[in-house]
Amino acid sequence: MFAARHLRPGSHAVVGALRRRGRDVWPLHRRGADLGFVVAMDRTMPSVAAAKRRWDRSEPVFLPGILDDAPEFHERAIDASLRMFDRLRRGGRFLDEVERRVGDDPDLRYAGSTKDRSDPREVERVFVDAEPGGRKEAEDVWAKLAWIANDESDASLRIRFSAGKEQLEEWMRSTDLTASWVDRFAQRMFPECAAVLRCEPLRQMLDAMIARPHRLSERIVYNNAPDGGAVFHHDAEPGQIGVIFSQLEGHTAWLSLPKERLAALVVRAGARRTRRAAMEALDAGSDERLWRLLNRDAAFCAQLAARGALFVLRAGDSIALPSQSIDRVAWHSVFALGSRASLAHSYGLFPRRPDYPMAADPRHG
Ligand SMILES: [Fe+2]
């Protein structure tokens, strides 16, 4: 059985019947696109061996309930983060929130804030230097608050933690010591990071799937608002092995599958003649018709769901998205579900080098 079932737009009689039977049925909407409904189905945790097989095939790995009771355990921090995002949505200053959360941190020193006026989604970026014991260990460590979509109707926000100049993608070359301070900044801003990092079953699953020392970095805190989410994309950045996304409050729906399988469905839908051409078109991202097929076509969504590519995440669930290479990568598309903005953490998975201090990881700290 698949993790979720798709229902066509207008399936109100079926939706009503399922709800009367106590099933969770959600409208699948994003920025004016009506893709029907999604019903949560199979929530069986895969075995470690099955998860690893999926990972190695660049399939998304759905890990229902893996965080166990961590969302309840970290409820105060999670509620505080949701209230913070509500203040920010109403125009509150991000710098004030950073100050409130880490203003008295003994290691982090405020180093300025900027707004990139050429990026309509960026709200504010706050920089800190890491100076434990008065000795500078990392600089240009930042948190950036941004709207997720360049669309007035979508109130979704996200905060990304990184270092260096984003346009030059300096984070790809930064040392693991700098990365550790980016990670610690995220952890100290959002104590609920521990719900993910201290989750031993999740960490063991990642250990088995990745099968090499790794760190959970380039963290993004998501506040997906109703009607929001992310269109189809991949996260195959150089050096990044994959992404682990964890739902801490509320729900999201996901369409995700390996690029090759997505390309095969693009061919089947008649948008390209060969899988190779479809993969190239996915990379180019410049074909408006293909974009609409991927992101606004309920029949195509049904095709994806019929192949097990649809998932519903609730608080306590994670999904791992492998990215072995630009062609061996889980493409994905996200939908906010429900009537309130939710909270989720997404961490990039990177090979860990010896200069990453183990104490920066709450699993060991
Ligand atoms: Fe992504």
# chains A, B, ... in the order shown; residues from 1 in each chain; ligands from 1

call {"tool": "residues_near_ligand", "arguments": {"ligand": "ligand 1", "cutoff": "12 Å", "atoms": "only C-alpha atoms and all ligand atoms", "output": "VMD selection string"}}
result
chain A and resid 60 148 218 to 220 222 229 to 237 240 242 to 245 254 to 256 319 to 323 329 to 335 345 to 348

call {"tool": "write_last_selection", "arguments": {"atoms": "N, CA and C atoms", "output": "compact mmCIF listing (two decimals), in the first residue's frame"}}
result
# COMPACT_ATOMS: atom_id res chain seq x y z
N PRO A 60 12.87 8.88 -2.55
CA PRO A 60 12.64 9.50 -1.24
C PRO A 60 12.38 8.42 -0.20
N ILE A 148 8.95 32.35 0.95
CA ILE A 148 9.28 31.17 0.16
C ILE A 148 8.93 31.42 -1.31
N GLU A 218 23.55 23.52 6.75
CA GLU A 218 22.77 24.38 5.83
C GLU A 218 21.28 24.24 6.17
N ARG A 219 21.00 24.49 7.46
CA ARG A 219 19.66 24.21 7.97
C ARG A 219 18.66 25.27 7.54
N ILE A 220 17.46 24.83 7.28
CA ILE A 220 16.38 25.75 6.92
C ILE A 220 15.18 25.44 7.81
N TYR A 222 11.28 25.99 8.15
CA TYR A 222 10.17 26.30 7.27
C TYR A 222 8.89 26.61 8.04
N GLY A 229 3.94 26.44 -0.37
CA GLY A 229 4.77 25.27 -0.62
C GLY A 229 5.81 25.56 -1.68
N ALA A 230 6.42 24.51 -2.19
CA ALA A 230 7.51 24.66 -3.17
C ALA A 230 7.19 23.86 -4.42
N VAL A 231 7.42 24.45 -5.59
CA VAL A 231 7.21 23.74 -6.86
C VAL A 231 8.32 22.70 -7.04
N PHE A 232 8.14 21.82 -8.02
CA PHE A 232 9.10 20.73 -8.25
C PHE A 232 10.52 21.27 -8.43
N HIS A 233 11.46 20.67 -7.72
CA HIS A 233 12.87 21.06 -7.81
C HIS A 233 13.70 19.90 -7.23
N HIS A 234 15.02 20.07 -7.25
CA HIS A 234 15.89 19.10 -6.60
C HIS A 234 16.91 19.87 -5.77
N ASP A 235 17.61 19.16 -4.90
CA ASP A 235 18.60 19.80 -4.04
C ASP A 235 19.98 19.20 -4.26
N ALA A 236 20.30 18.85 -5.51
CA ALA A 236 21.62 18.24 -5.80
C ALA A 236 22.68 19.32 -5.92
N GLU A 237 23.06 19.90 -4.76
CA GLU A 237 24.14 20.88 -4.73
C GLU A 237 25.47 20.13 -4.66
N GLN A 240 26.60 18.05 -1.48
CA GLN A 240 25.46 17.70 -0.63
C GLN A 240 24.96 16.31 -1.00
N GLY A 242 22.35 14.78 0.36
CA GLY A 242 20.90 14.67 0.42
C GLY A 242 20.36 15.69 1.41
N VAL A 243 19.07 15.52 1.71
CA VAL A 243 18.39 16.43 2.63
C VAL A 243 17.51 15.58 3.54
N ILE A 244 17.43 15.98 4.81
CA ILE A 244 16.45 15.34 5.70
C ILE A 244 15.49 16.44 6.18
N PHE A 245 14.20 16.23 5.87
CA PHE A 245 13.15 17.20 6.21
C PHE A 245 12.30 16.59 7.30
N TRP A 254 3.81 15.83 -0.02
CA TRP A 254 4.99 15.79 -0.89
C TRP A 254 4.73 14.93 -2.10
N LEU A 255 5.18 15.42 -3.24
CA LEU A 255 5.34 14.57 -4.42
C LEU A 255 6.84 14.41 -4.57
N SER A 256 7.32 13.19 -4.58
CA SER A 256 8.77 13.01 -4.72
C SER A 256 9.07 11.67 -5.37
N ILE A 319 11.24 12.94 6.05
CA ILE A 319 11.44 12.37 4.72
C ILE A 319 12.87 12.69 4.30
N ALA A 320 13.58 11.66 3.83
CA ALA A 320 14.96 11.84 3.39
C ALA A 320 14.98 11.87 1.87
N LEU A 321 15.72 12.84 1.32
CA LEU A 321 15.78 13.04 -0.13
C LEU A 321 17.21 12.90 -0.58
N PRO A 322 17.57 11.74 -1.16
CA PRO A 322 18.96 11.54 -1.57
C PRO A 322 19.32 12.36 -2.81
N SER A 323 20.58 12.77 -2.89
CA SER A 323 21.06 13.43 -4.11
C SER A 323 22.48 12.94 -4.38
N VAL A 329 18.86 11.82 -8.26
CA VAL A 329 18.41 12.71 -7.20
C VAL A 329 16.89 12.63 -7.11
N ALA A 330 16.40 12.74 -5.87
CA ALA A 330 14.94 12.74 -5.64
C ALA A 330 14.41 14.15 -5.89
N TRP A 331 13.67 14.31 -6.98
CA TRP A 331 12.97 15.59 -7.20
C TRP A 331 11.77 15.63 -6.25
N HIS A 332 11.36 16.85 -5.88
CA HIS A 332 10.25 16.94 -4.94
C HIS A 332 9.49 18.25 -5.06
N SER A 333 8.26 18.18 -4.60
CA SER A 333 7.33 19.31 -4.65
C SER A 333 6.54 19.27 -3.34
N VAL A 334 6.33 20.42 -2.71
CA VAL A 334 5.76 20.46 -1.36
C VAL A 334 4.48 21.28 -1.34
N PHE A 335 3.50 20.81 -0.58
CA PHE A 335 2.23 21.52 -0.40
C PHE A 335 1.96 21.72 1.08
N HIS A 345 11.79 21.48 9.92
CA HIS A 345 13.22 21.74 9.78
C HIS A 345 13.78 20.88 8.66
N SER A 346 14.59 21.48 7.79
CA SER A 346 15.21 20.76 6.69
C SER A 346 16.73 20.94 6.79
N TYR A 347 17.45 19.84 6.83
CA TYR A 347 18.91 19.92 6.97
C TYR A 347 19.59 19.25 5.78
N GLY A 348 20.59 19.93 5.24
CA GLY A 348 21.41 19.33 4.20
C GLY A 348 22.35 18.30 4.82

call {"tool": "residues_around", "arguments": {"residues": "Leu157 (chain A)", "least_positions_apart": "5", "cutoff": "9 Å", "atoms": "only C-alpha atoms", "output": "list of chain:residue names"}}
result
A:Phe85, A:Leu88, A:Arg89, A:Leu145, A:Ala146, A:Trp147, A:Ile148, A:Ala149, A:Val221, A:Tyr222, A:Asn223, A:Asn224, A:Ala225

call {"tool": "write_last_selection", "arguments": {"atoms": "C-alpha atoms", "output": "tab-separated table (two decimals), in the first residue's frame"}}
result
chain	number	residue	atom	x	y	z
A	85	PHE	CA	6.95	33.58	12.46
A	88	LEU	CA	7.58	38.38	11.42
A	89	ARG	CA	4.67	37.98	9.01
A	145	LEU	CA	14.61	35.38	6.64
A	146	ALA	CA	12.79	35.15	3.30
A	147	TRP	CA	9.38	34.60	1.78
A	148	ILE	CA	9.28	31.17	0.16
A	149	ALA	CA	7.42	32.35	-2.96
A	221	VAL	CA	13.42	26.35	9.23
A	222	TYR	CA	10.17	26.30	7.27
A	223	ASN	CA	6.91	28.00	8.13
A	224	ASN	CA	4.68	26.84	5.27
A	225	ALA	CA	1.43	28.82	5.25

call {"tool": "residues_around", "arguments": {"residues": "Met189 (chain A)", "least_positions_apart": "4", "cutoff": "7 Å", "atoms": "only C-alpha atoms", "output": "list in words"}}
result
Arg101, Val102 and Phe185 of chain A

call {"tool": "residues_around", "arguments": {"residues": "Ala306 (chain A)", "least_positions_apart": "6", "cutoff": "10 Å", "atoms": "only C-alpha atoms", "output": "CSV table (one decimal) with N, CA and C atoms, in the first residue's frame"}}
result
chain,number,residue,atom,x,y,z
A,2,PHE,N,0.4,2.3,-0.7
A,2,PHE,CA,1.2,3.5,-0.8
A,2,PHE,C,1.0,4.4,0.4
A,4,ALA,N,0.2,7.5,0.5
A,4,ALA,CA,-0.9,8.4,0.4
A,4,ALA,C,-1.7,8.1,-1.0
A,5,ARG,N,-2.9,8.5,-1.0
A,5,ARG,CA,-3.8,8.3,-2.1
A,5,ARG,C,-4.2,9.7,-2.6
A,6,HIS,N,-4.4,9.8,-3.9
A,6,HIS,CA,-4.8,11.1,-4.5
A,6,HIS,C,-6.2,10.9,-5.0
A,300,PHE,N,-1.6,14.8,-13.9
A,300,PHE,CA,-0.2,14.4,-13.8
A,300,PHE,C,0.1,14.0,-12.3

call {"tool": "select_by_dssp", "arguments": {"residues": "region 124-295 of chain A", "states": "alpha helix (DSSP H)", "output": "count of residues only"}}
result
57

call {"tool": "residues_around", "arguments": {"residues": "Ala271 (chain A)", "least_positions_apart": "5", "cutoff": "12 Å", "atoms": "only C-alpha atoms", "output": "list in words"}}
result
Leu262, Ala263, Ala264, Leu265, Val266, Ala277, Ala278, Met279, Ala281, Leu282, Asp287, Glu288, Arg289, Leu290, Trp291, Arg292, Leu293, Leu294 and Phe300 of chain A

call {"tool": "atom_distance", "arguments": {"atom1": "CA of Ala284 (chain A)", "atom2": "CA of Pro258 (chain A)"}}
result
16.9 Å
